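Let me begin by presenting the structure, written as structure tokens, before commenting on it.
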Amino acid sequence: MLVVLLGTLALLMGVAGFFSYRAGLQEAGEMFDARLVQSTRVLIGLVDEPLSDLSAFPGDAIVLRGWHGQAKGVGEALAFKEGHAYESKLAFQVWGRDHRLLLRSDSAPTTSLAPLEPGYASPIIGGEQWRTFTMRTKEGRWFQSGERSDIRQELAEDIAGGTLLPLLLALPLMALVIWWSVSHVTRSLRRVSDQIGQRDPERMSPLDLGDVPREAHGLVHAVNGLLARLNEALARERRFVADAAHELRTPISALKVHAGNVRQSPDEAGRVQAQDLMEDAVGRLERLVAQLLTLSRAEALSRVPSARLSLDAIVATEVDALRTFFDLNRQYLALELESVEVKGNEVALTALIRNVLENAIRYTPAKGSIFVCVRREGNTATLIVADSGPGIAVEERERVFDRFYRTLGSGVPGSGLGLSIVREVADAHGASVTLGTSARLGGLEVRVGWPAYAAD
């Protein structure tokens, strides 16, 4: 930043100096051109009338002596009591009607400064560039005034130098001020960097916004948001590991017992029975692992992209996938589907619907009834799953959403994760889940409501 700022300032100063030099040269040229005209007119006023008989003097032209002192050092005054150092760079001539030189300054050559034509000219005399002005009087005399062009360049350089020198002298001070300002402003950013660099990986508390400049608030808010999401993800992983370690211990132990019984069984009938029990234990273990993974994915759904989905089509698909279990339990299914669309994640909604249907199948007795309905109620898309099972007591209807909570004495195998998955997915989609008693079948009624997609 310092290099860019100081480099930009230096470049701007250089550009300003260039244009100042050009402007100074132009102004000096105009000023000196005007002075040449004025000098010529003064010379006419002094010479033409009072000394009208100059042409009567034969021989060489009259020479007027000037002061030819030199400045003793750079920066010293150019004006002295005796004269001015620029006198030797100024010259004038008076020519007669017959083009004879009548009068000249000692700094002027014996030849004409410029062609005897009225107006300005820029001749080269003695290898030096001059600027001249020529005027002719009514009596036919020619008056010429001239000066060397380096006077103008020196004046332009003085103007540009006078403009740039204070800036150049101020450049170190400006660099110091910029360095201090940048250091002061970025000090808080360095503190934020130190907070991030020295932070323990397990510490996910937000960064302090106390002394952070307003321009960096967006960055710090973004980092804090990232820390919050990381903390949430790590918490989910810890919960998943804890839940898996806690819940897998019992079925794995049972599986080991059944495997030992298979190995130690004295007869074929005992071995077959132990194998059947071991197969059931493997099935329960498989279901538990699948539900744990589904629950872990459901917890992370708040940032999963959603799409426009047909709720009735998903329900119909899941009913078809579970039709074998309905037939196996000889359960009667009543299905009423109205075309309703919602916004959500298809995998998550499929998991929600599957768990609700599986719970109804498991808790509905053989030859019982299950009612599945999808309808639109105002601006709400509603899924209703009712059964003729034992239902859930009113005082337990909130607790069954807790992980691994199961109603005692139900006699139905399970892990207590089904309704937890339903609640997680519903919360991620802004849906509501309520449990009640079915007026139609007398068992449990699960009602899930989403904001319906605005469709025809």
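Going by the structure tokens order, chains are called A, B, ..., each with residues numbered from 1, while ligands are numbered from 1 in the order shown.
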Report task. For Arg263 in chain A, please output as a list in words all residues within 10 Å (counting only C-alpha atoms; exclusion window: fewer than 5 positions along the same chain). Result -> Val257, His258, Arg271, Ala274 and Gln275 of chain A
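By chain and then residue number, the residues within 9 Å of Asn329 in chain A are Thr324, Phe325, Phe326, Asp327, Gln331, Ile361, Thr364, Pro365, Ala366, Lys367 and Gly368 of chain A, counting only C-alpha atoms and disregarding those fewer than 2 positions away in sequence.
Distance-wise, CA of Ala428 in chain A and CA of Val356 in chain A end up 16.6 Å apart.
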Query raised in the report: Which of range 87-265 of chain A counts as helix (DSSP H, G or I) under DSSP, as a ChimeraX atom specification please?
Result: /A:87-89,150-197,214-264
Query - Val315 in chain A environment, 9 Å, only C-alpha atoms, sequence neighbours closer than 6 positions dropped, as an MDAnalysis selection string - result: chainID A and resid 337 350 353:354 372:374 383
Could those residues be written to a file, using N, CA, C and O atoms, as a PDB file, in the first residue's frame?
```pdb
ATOM      1  N   LEU A 337     -54.866 -38.936  -2.603  1.00  0.00           N
ATOM      2  CA  LEU A 337     -53.782 -38.032  -3.006  1.00  0.00           C
ATOM      3  C   LEU A 337     -54.334 -36.897  -3.854  1.00  0.00           C
ATOM      4  O   LEU A 337     -54.975 -37.130  -4.882  1.00  0.00           O
ATOM      5  N   THR A 350     -38.276 -37.609   1.256  1.00  0.00           N
ATOM      6  CA  THR A 350     -38.484 -39.055   1.109  1.00  0.00           C
ATOM      7  C   THR A 350     -38.228 -39.768   2.430  1.00  0.00           C
ATOM      8  O   THR A 350     -38.977 -40.681   2.823  1.00  0.00           O
ATOM      9  N   ILE A 353     -41.255 -39.101   4.831  1.00  0.00           N
ATOM     10  CA  ILE A 353     -42.455 -39.866   4.477  1.00  0.00           C
ATOM     11  C   ILE A 353     -42.245 -41.350   4.768  1.00  0.00           C
ATOM     12  O   ILE A 353     -43.140 -42.039   5.300  1.00  0.00           O
ATOM     13  N   ARG A 354     -41.059 -41.877   4.459  1.00  0.00           N
ATOM     14  CA  ARG A 354     -40.793 -43.295   4.687  1.00  0.00           C
ATOM     15  C   ARG A 354     -40.873 -43.634   6.175  1.00  0.00           C
ATOM     16  O   ARG A 354     -41.450 -44.662   6.567  1.00  0.00           O
ATOM     17  N   VAL A 372     -53.696 -42.833   4.412  1.00  0.00           N
ATOM     18  CA  VAL A 372     -52.670 -41.889   3.953  1.00  0.00           C
ATOM     19  C   VAL A 372     -53.351 -40.872   3.054  1.00  0.00           C
ATOM     20  O   VAL A 372     -54.045 -41.244   2.093  1.00  0.00           O
ATOM     21  N   CYS A 373     -53.121 -39.591   3.366  1.00  0.00           N
ATOM     22  CA  CYS A 373     -53.812 -38.540   2.621  1.00  0.00           C
ATOM     23  C   CYS A 373     -52.855 -37.374   2.366  1.00  0.00           C
ATOM     24  O   CYS A 373     -52.079 -36.993   3.244  1.00  0.00           O
ATOM     25  N   VAL A 374     -52.890 -36.817   1.159  1.00  0.00           N
ATOM     26  CA  VAL A 374     -52.184 -35.584   0.801  1.00  0.00           C
ATOM     27  C   VAL A 374     -53.232 -34.632   0.254  1.00  0.00           C
ATOM     28  O   VAL A 374     -53.947 -34.966  -0.709  1.00  0.00           O
ATOM     29  N   LEU A 383     -49.783 -33.555   4.853  1.00  0.00           N
ATOM     30  CA  LEU A 383     -49.672 -35.012   4.793  1.00  0.00           C
ATOM     31  C   LEU A 383     -50.283 -35.566   6.078  1.00  0.00           C
ATOM     32  O   LEU A 383     -49.894 -35.169   7.183  1.00  0.00           O
TER      33      LEU A 383
END
```
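Taking CA of Leu36 in chain A and CA of Ala114 in chain A as endpoints, the distance between them is 13.6 Å.
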Requested in this report: Quick one: everything within 10 Å of Gly442 in chain A, counting only C-alpha atoms, minus sequence neighbours fewer than 4 positions away in the same chain. Send it as a PyMOL selection string.
Outcome: chain A and resi 386-391+436-438
Find the residues around range 165-172 of chain A up to 9 Å (only C-alpha atoms counted), leave out those fewer than 2 positions away in its own chain, and share them as a short mmCIF file (atom, residue, chain, number, x, y, z; two decimals) with N, CA and C atoms, in the first residue's frame.
```
data_model
loop_
_atom_site.label_atom_id
_atom_site.label_comp_id
_atom_site.auth_asym_id
_atom_site.auth_seq_id
_atom_site.Cartn_x
_atom_site.Cartn_y
_atom_site.Cartn_z
N LEU A 6 2.82 6.04 -2.49
CA LEU A 6 3.94 6.95 -2.74
C LEU A 6 4.30 6.98 -4.22
N LEU A 9 1.76 9.20 -5.84
CA LEU A 9 2.03 10.61 -5.55
C LEU A 9 3.20 11.13 -6.37
N ALA A 10 4.27 10.33 -6.45
CA ALA A 10 5.44 10.76 -7.22
C ALA A 10 5.08 10.93 -8.70
N MET A 13 3.09 14.06 -9.08
CA MET A 13 3.97 15.23 -8.99
C MET A 13 4.74 15.44 -10.30
N ALA A 160 8.16 25.85 -12.53
CA ALA A 160 7.91 24.43 -12.26
C ALA A 160 8.63 23.98 -10.99
N GLY A 161 9.89 24.42 -10.83
CA GLY A 161 10.63 24.06 -9.63
C GLY A 161 9.98 24.61 -8.37
N GLY A 162 9.51 25.86 -8.47
CA GLY A 162 8.84 26.45 -7.32
C GLY A 162 7.56 25.72 -6.95
N THR A 163 6.92 25.11 -7.98
CA THR A 163 5.72 24.34 -7.70
C THR A 163 6.03 22.96 -7.14
N MET A 174 4.83 13.13 3.90
CA MET A 174 3.62 12.42 3.48
C MET A 174 3.78 10.92 3.64
N ALA A 175 4.97 10.39 3.29
CA ALA A 175 5.22 8.96 3.45
C ALA A 175 5.10 8.56 4.92
N LEU A 176 5.64 9.39 5.81
CA LEU A 176 5.55 9.10 7.24
C LEU A 176 4.10 9.11 7.72
N VAL A 177 3.33 10.12 7.27
CA VAL A 177 1.92 10.21 7.68
C VAL A 177 1.13 9.03 7.13
#
```
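Ranking A:Glu358, A:Asp208, A:Glu27, A:Glu139 by their shortest atom-to-atom distance to Gly96 in chain A, with only C-alpha atoms included, puts A:Glu139 first.
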